[in-house]
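Asker: Once you've had a glance at the structure underneath, I'll fire off some questions.
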Amino acid sequence: MVAHYSPGWAFKITDELSRRVRLSEGMAAEQTLHAAAVKRAIETLRMFRAFCAANGVKRILPVATAAVRDAANQAEFLQRVRAETGLKLSVISGEEEACLGALGAIHATGLRHGLVLDVGGGSAEVSRVRAGRFRRGVTSPLGAVRLTELYLHGERMRASDVRRLADHIASTLQMLDWMKLEKGQRFVGLGGTVRALTKIDRELRGYPLGLMNGYELELARLDKLVSRLRELPVSERARKIPALQPDRADIILAGAMVVAEAMRRAGAETLLVSGQGLREGLLYREFFGRAEGHAADDLREFAVLNLARLYGYDTVHADHVARLALSLFDQLEGLHGYGRWERECLWAAAQLHDIGMVVDYYDHHKHSAYIILGSGLPGYSHREIALIAALCLYHRKGRPALSAAADVFEKGDMERLLRLGACLRLAEYLDRSRAQAVSGLRVEASGNRVKLTVRAHARAEANVEVWEAQRNADLFESAFRRKLEIAL
């Protein structure tokens, strides 16, 4: 993973190169890295090193996890890697691996209190998070590759082998007496197995958004998938199960069984998927510095501002539109009855409404919405992301409508979109000249009318703003079912 960043200010993942090495393949019995796996690993590391050089990467953080950590021939492998690639691998402990995975998950989902599960090829890590910080973590030999080699042999799954594997997973997790969710806590999953299961579930459901991060994987649906995987020969899985990659078909069942049993052990009906993990955890540790936690103070705010900064937004205009939109929202509380949740979504949309300018001025509202739906906003749910994108889509013109992502919305969201959209659109036109001529607003509601009095630094300076806002008052009048009068 390649990232460009300014410490503590903004970062962007700019490239990613992937190759499935399966370094733990064949080592389940003797705990020794096999020659073929070592060869694949060194070829991959050599390729990655050349890729970094070609891209001008200034700092490389190469780490090794469970396979190397558990290998009897670890020292020999590390020496060979350094001799043949020039890279000095850092072998991280199980607890550090759990911590880095949890750090990625915290910044991807906004997890405050709960558990994190990371299922890899050689191991699985379970972490406890409290107050948005990693508190404890352990590693277990429950990796998808390792378990497949130990229990699931051949083309077809024997019922006795599957039962033995299920018993092994359950007994291993049972030793973690603290692996129980408390009221209001979330269970977050990450890693290759979780991503693969998410892609399959999304496809089977016909889910309208392409976002991985923030997806909710239900245990009931996962159990049905596990049953289906058990019935299919390995060679038929990728063909009959949508979105399953052929090179993961043999190990997906073992990984899925670990995830499902972990959810049962934790008492979780749903798994919140993190699109970020150990690699991003390494980045956050560098990005935020070495202080305790390596975390953003307010993830949701940081996620919005990070995206805005990446696309070179007009900070002064965005802040002013946000102030005006929130002023309208606050003074209209008696008419809409909304609270903090809607206010946060309105603020986010005000900050991001013009980021599509990076593509082109024309249709920039469409580009803004596309960027938001494509990039996602860590810490925000899919429903919130879709609402923020829709607000940006209609901040200039048109009657707001629930988009192709309508399935993620809930009852009452159409009215929310209309009313929040009305506040954002008025705020946008009240800074039409981008000169911040409007210094304040006063809203007075009486009967079927609303009077909006505009305060300006100089009366003549705000004439364009008042005229444009009044000309675009139709959305407000429709959303609040009242006539709007705007005056200086």
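We label chains A, B, ... in the order they appear in the structure tokens, count residues from 1 in each chain, and number ligands from 1 in the order shown.
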Can you tell me which residues surround Thr14 (chain A) at a distance of at most 7 Å, considering only C-alpha atoms, apart from same-chain residues fewer than 5 positions away, and format the answer as a VMD selection string?
Answerer: chain A and resid 2 to 4
Asker: If we count only C-alpha atoms, what is near region 203-220 of chain A at a cut-off of 7 Å, once residues fewer than 4 positions away on the same chain are taken out, given as number ranges by chain?
Answerer: A: 108-109, 198-199, 224, 242-243, 260, 269-275, 376, 381-382, 404-405, 407
Asker: For Phe480 (chain A), please output as a list in words all residues within 7 Å (counting only C-alpha atoms; exclusion window: fewer than 3 positions along the same chain).
Answerer: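 Skipping anything fewer than 3 positions along the chain leaves Arg419, Phe476 and Glu477 of chain A.
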Asker: List every residue of region 8-215 of chain A that DSSP, applied to the backbone of this structure, assigns to helix (DSSP H, G or I), and report them as an MDAnalysis selection string.
Answerer: chainID A and resid 35:54 66:70 74:85 94:109 144:151 159:174 192:205
Asker: Save the residues we just selected, C-alpha atoms, as a PDB file, in the first residue's frame?
Answerer:
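Printed below is result-v2.pdb as written:
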ATOM      1  CA  ALA A  35      10.817 -23.590  -0.018  1.00  0.00           C
ATOM      2  CA  ALA A  36       8.070 -22.854  -2.555  1.00  0.00           C
ATOM      3  CA  ALA A  37       6.362 -20.378  -0.222  1.00  0.00           C
ATOM      4  CA  VAL A  38       9.688 -18.696   0.599  1.00  0.00           C
ATOM      5  CA  LYS A  39      10.450 -18.351  -3.101  1.00  0.00           C
ATOM      6  CA  ARG A  40       7.051 -16.720  -3.737  1.00  0.00           C
ATOM      7  CA  ALA A  41       7.576 -14.360  -0.816  1.00  0.00           C
ATOM      8  CA  ILE A  42      11.019 -13.216  -1.939  1.00  0.00           C
ATOM      9  CA  GLU A  43       9.861 -12.731  -5.537  1.00  0.00           C
ATOM     10  CA  THR A  44       6.960 -10.649  -4.253  1.00  0.00           C
ATOM     11  CA  LEU A  45       9.112  -8.560  -1.927  1.00  0.00           C
ATOM     12  CA  ARG A  46      11.600  -7.920  -4.718  1.00  0.00           C
ATOM     13  CA  MET A  47       8.730  -6.781  -6.955  1.00  0.00           C
ATOM     14  CA  PHE A  48       7.310  -4.543  -4.213  1.00  0.00           C
ATOM     15  CA  ARG A  49      10.718  -2.991  -3.566  1.00  0.00           C
ATOM     16  CA  ALA A  50      11.116  -2.146  -7.272  1.00  0.00           C
ATOM     17  CA  PHE A  51       7.576  -0.729  -7.312  1.00  0.00           C
ATOM     18  CA  CYS A  52       8.395   1.552  -4.373  1.00  0.00           C
ATOM     19  CA  ALA A  53      11.575   2.744  -6.061  1.00  0.00           C
ATOM     20  CA  ALA A  54       9.700   3.531  -9.273  1.00  0.00           C
ATOM     21  CA  ALA A  66       2.022 -14.981  11.971  1.00  0.00           C
ATOM     22  CA  ALA A  67       3.735 -17.218   9.419  1.00  0.00           C
ATOM     23  CA  VAL A  68       7.205 -15.781  10.058  1.00  0.00           C
ATOM     24  CA  ARG A  69       6.530 -15.266  13.753  1.00  0.00           C
ATOM     25  CA  ASP A  70       5.753 -18.973  14.222  1.00  0.00           C
ATOM     26  CA  GLN A  74      12.491 -17.604  10.915  1.00  0.00           C
ATOM     27  CA  ALA A  75      16.102 -16.369  11.216  1.00  0.00           C
ATOM     28  CA  GLU A  76      17.136 -18.062   7.983  1.00  0.00           C
ATOM     29  CA  PHE A  77      14.165 -16.544   6.143  1.00  0.00           C
ATOM     30  CA  LEU A  78      14.828 -13.020   7.423  1.00  0.00           C
ATOM     31  CA  GLN A  79      18.481 -13.191   6.469  1.00  0.00           C
ATOM     32  CA  ARG A  80      17.637 -14.371   2.982  1.00  0.00           C
ATOM     33  CA  VAL A  81      15.048 -11.622   2.522  1.00  0.00           C
ATOM     34  CA  ARG A  82      17.551  -8.959   3.518  1.00  0.00           C
ATOM     35  CA  ALA A  83      20.270 -10.400   1.290  1.00  0.00           C
ATOM     36  CA  GLU A  84      18.062 -10.746  -1.781  1.00  0.00           C
ATOM     37  CA  THR A  85      15.780  -7.695  -1.469  1.00  0.00           C
ATOM     38  CA  GLY A  94       0.735 -11.181  18.104  1.00  0.00           C
ATOM     39  CA  GLU A  95      -0.363  -8.370  20.393  1.00  0.00           C
ATOM     40  CA  GLU A  96       1.148  -5.706  18.122  1.00  0.00           C
ATOM     41  CA  GLU A  97      -0.532  -7.294  15.106  1.00  0.00           C
ATOM     42  CA  ALA A  98      -3.852  -7.174  16.969  1.00  0.00           C
ATOM     43  CA  CYS A  99      -3.203  -3.552  17.985  1.00  0.00           C
ATOM     44  CA  LEU A 100      -2.387  -2.388  14.453  1.00  0.00           C
ATOM     45  CA  GLY A 101      -5.440  -4.165  13.033  1.00  0.00           C
ATOM     46  CA  ALA A 102      -7.628  -2.587  15.698  1.00  0.00           C
ATOM     47  CA  LEU A 103      -6.107   0.829  14.960  1.00  0.00           C
ATOM     48  CA  GLY A 104      -7.092   0.455  11.312  1.00  0.00           C
ATOM     49  CA  ALA A 105     -10.583  -0.675  12.295  1.00  0.00           C
ATOM     50  CA  ILE A 106     -11.074   2.200  14.744  1.00  0.00           C
ATOM     51  CA  HIS A 107     -10.250   4.729  12.030  1.00  0.00           C
ATOM     52  CA  ALA A 108     -12.368   2.938   9.455  1.00  0.00           C
ATOM     53  CA  THR A 109     -15.555   2.472  11.468  1.00  0.00           C
ATOM     54  CA  ALA A 144      -7.833 -19.842   6.991  1.00  0.00           C
ATOM     55  CA  VAL A 145      -4.844 -21.484   5.283  1.00  0.00           C
ATOM     56  CA  ARG A 146      -3.611 -23.204   8.438  1.00  0.00           C
ATOM     57  CA  LEU A 147      -7.043 -24.645   9.315  1.00  0.00           C
ATOM     58  CA  THR A 148      -7.712 -25.811   5.766  1.00  0.00           C
ATOM     59  CA  GLU A 149      -4.465 -27.763   5.737  1.00  0.00           C
ATOM     60  CA  LEU A 150      -5.157 -29.322   9.131  1.00  0.00           C
ATOM     61  CA  TYR A 151      -8.818 -30.259   8.724  1.00  0.00           C
ATOM     62  CA  ALA A 159     -18.937 -34.155   7.568  1.00  0.00           C
ATOM     63  CA  SER A 160     -16.573 -35.595  10.195  1.00  0.00           C
ATOM     64  CA  ASP A 161     -13.758 -33.221   9.158  1.00  0.00           C
ATOM     65  CA  VAL A 162     -16.064 -30.212   9.264  1.00  0.00           C
ATOM     66  CA  ARG A 163     -17.281 -31.208  12.741  1.00  0.00           C
ATOM     67  CA  ARG A 164     -13.705 -31.596  13.981  1.00  0.00           C
ATOM     68  CA  LEU A 165     -12.835 -28.163  12.633  1.00  0.00           C
ATOM     69  CA  ALA A 166     -15.945 -26.603  14.197  1.00  0.00           C
ATOM     70  CA  ASP A 167     -15.085 -28.151  17.571  1.00  0.00           C
ATOM     71  CA  HIS A 168     -11.482 -26.907  17.322  1.00  0.00           C
ATOM     72  CA  ILE A 169     -12.568 -23.337  16.518  1.00  0.00           C
ATOM     73  CA  ALA A 170     -15.131 -23.316  19.332  1.00  0.00           C
ATOM     74  CA  SER A 171     -12.718 -24.706  21.939  1.00  0.00           C
ATOM     75  CA  THR A 172      -9.983 -22.233  20.919  1.00  0.00           C
ATOM     76  CA  LEU A 173     -12.282 -19.221  21.162  1.00  0.00           C
ATOM     77  CA  GLN A 174     -13.787 -20.495  24.409  1.00  0.00           C
ATOM     78  CA  GLY A 192      -8.944 -11.149   3.614  1.00  0.00           C
ATOM     79  CA  THR A 193     -11.582 -13.646   4.724  1.00  0.00           C
ATOM     80  CA  VAL A 194     -13.978 -10.937   5.906  1.00  0.00           C
ATOM     81  CA  ARG A 195     -13.514  -8.951   2.695  1.00  0.00           C
ATOM     82  CA  ALA A 196     -14.181 -12.045   0.581  1.00  0.00           C
ATOM     83  CA  LEU A 197     -17.334 -12.889   2.551  1.00  0.00           C
ATOM     84  CA  THR A 198     -18.534  -9.295   2.236  1.00  0.00           C
ATOM     85  CA  LYS A 199     -18.142  -9.313  -1.545  1.00  0.00           C
ATOM     86  CA  ILE A 200     -20.119 -12.543  -1.782  1.00  0.00           C
ATOM     87  CA  ASP A 201     -22.905 -11.327   0.513  1.00  0.00           C
ATOM     88  CA  ARG A 202     -23.160  -7.992  -1.292  1.00  0.00           C
ATOM     89  CA  GLU A 203     -23.539  -9.762  -4.620  1.00  0.00           C
ATOM     90  CA  LEU A 204     -26.098 -12.268  -3.340  1.00  0.00           C
ATOM     91  CA  ARG A 205     -28.197  -9.446  -1.848  1.00  0.00           C
TER      92      ARG A 205
END
Asker: Just the strand (DSSP E or B) stuff from region 384-464 of chain A, please, per backbone DSSP, written as a list in words.
Answerer: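 The residues of region 384-464 of chain A classed as strand (DSSP E or B) are Val438, Ser439, Gly440, Leu441, Arg442, Val443, Glu444, Ala445, Ser446, Arg449, Val450, Lys451, Leu452, Thr453, Val454, Arg455 and Ala456 of chain A.
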